[in-house]
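Worksheet for the structure shown next.
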Protein chains: 2
Amino acid sequence: MASSSPEFAPAAAETNGSVRIRRLEISDRERGFLTLLSQLSACPELTASEFAACFADLAALGDDHVILVAEDPAAAPEKRILATGCLFVERKFLHGVGKVGHVEDVVVDAAARGRGLGLRVVRRLVEIAKEAGCYKVILDCTPELRAYYAKCGFVEKGVQMAIYF
Amino acid sequence: MASSSPEFAPAAAETNGSVRIRRLEISDRERGFLTLLSQLSACPELTASEFAACFADLAALGDDHVILVAEDPAAAPEKRILATGCLFVERKFLHGVGKVGHVEDVVVDAAARGRGLGLRVVRRLVEIAKEAGCYKVILDCTPELRAYYAKCGFVEKGVQMAIYF
């Protein structure tokens with residue numbers, strides 16, 4: 001089901017100014033990736049081996065699970081990851097064995113907002129979903145973020161419901 | 001990442017009255033599964049080999065991808081699948097390598113609505129998500145279905161945004 005895709009390898013990362021958009025690397029634990037995620041939701045620190053295990057589980061999904069990061073190589077080492085977002089691809093019987101892209105866990109460092117980094121991440125995730133053959137890409141957000149995601153082409157489609165255990 | 005779980009094997013299907021809730025079987029192509037899905041969204045007929053290939057891809061995800069069906073053994077063979085719903089489990093770095101359950105593709109045959117079959121399917125999917133250790137389970141629906149999913153314990157959380165390619 002999963003396959004590797006050389007165009008998303010670190011060597012071919014998108015660069016635009018000093019900040020580049022690339023796939024998550026296992027060494028991003030030391031570049032502030034989890035600290036950044038903790039600005040979105042609870043994200044306890046993980047040991048190097050816990051991080052590596054999760055990284056390997058997700059990497060095993062290949063292009064069915066893509067985490068992008070925006071890295072500022074000029075920043076202090078532990079603060080280089082300024083934005084992130086994730087895409088995972090769901091397979092369905094619907095739509096002739098169709099694929100749906102789900103965008104999750106988009107966050108921009110509070111000190112780096114207003115620079116368009118989140119939009120660059122999300123637009124790239126949408127491109128990846130399209131290239132993967134998804135017939136749609138969806139995400140859930142708070143009502144306040146409707147206009148933000150509209151800049152990437154998203155339109156409101158429904159309501160998100162949840163149960164927290 | 002995926003593992004098998006004997007409690008969801010067909011032999012241990014939930015029964016309640018004549019209709020039983022169980023996991024999708026490859027032979028459900030002949031019991032009206034795709035015809036039922038077509039009441040939800042576009043679902044072209046699949047050949048037996050296309051169906052088998054999709055079934056195998058999804059089955060390879062083990063308990064990270066569960067499709068339940070409600071079967072009426074008293075119905076005509078090609079009309080036995082009266083309801084269905086799907087759960088897939090997403091892994092995250094967030095929440096200490098947390099899991100989120102996504103409920104998708106819930107549909108009840110138009111002639112079988114009002115019998116609580118969809119609710120039975122959804123409640124079982126929620127139980128499976130909880131048993132799998134998910135910290136939450138989410139779904140997207142139209143505003144008209146808020147009250148329906150509230151019967152299963154869901155509360156409105158946000159808005160769903162989409163891009164159709």
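Labels for the structure tokens follow display order: chains A, B, ..., residues from 1 in each chain, ligands from 1.
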
Selection near Glu71 (chain B), 12 Å with only C-alpha atoms, sequence-local residues under 4 positions removed, as an NGL selection string: :B and (10 or 13-25 or 28 or 31-33 or 36 or 75-84 or 108-109 or 112 or 117-118 or 120-121)

Please determine the contact residues of chain A with respect to chain B at a cut-off of 8 Å, counting only C-alpha atoms, and supply them as number ranges by chain. A: 1, 34, 37-38, 41-46, 51, 54, 57-58, 91-97, 130, 134-143, 146, 149, 153-165

Any chance you could list, as an NGL selection string, the residues in region 46-128 of chain B that come up strand (DSSP E or B) when DSSP is run on the backbone? :B and (65-71 or 81-91 or 99-108)

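CA of Ile67 (chain A) lies 6.4 Å from CA of Leu87 (chain A).
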
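Taking CA of Ser27 (chain B) as the reference point, CA of Gly62 (chain B) is found at 17.9 Å.
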
Picked from chain A by DSSP as alpha helix (DSSP H), as a PyMOL selection string: chain A and resi 33-37+48-59+94-97+117-131+146-150

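CA of Leu125 (chain A) to CA of Gly85 (chain A) spans 7.7 Å [interatomic distance, one decimal].
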
Residue among B:Ala52, B:Ala59, B:Ala147, B:Ala110 lying closest to Gln39 (chain B), counting only C-alpha atoms: B:Ala110
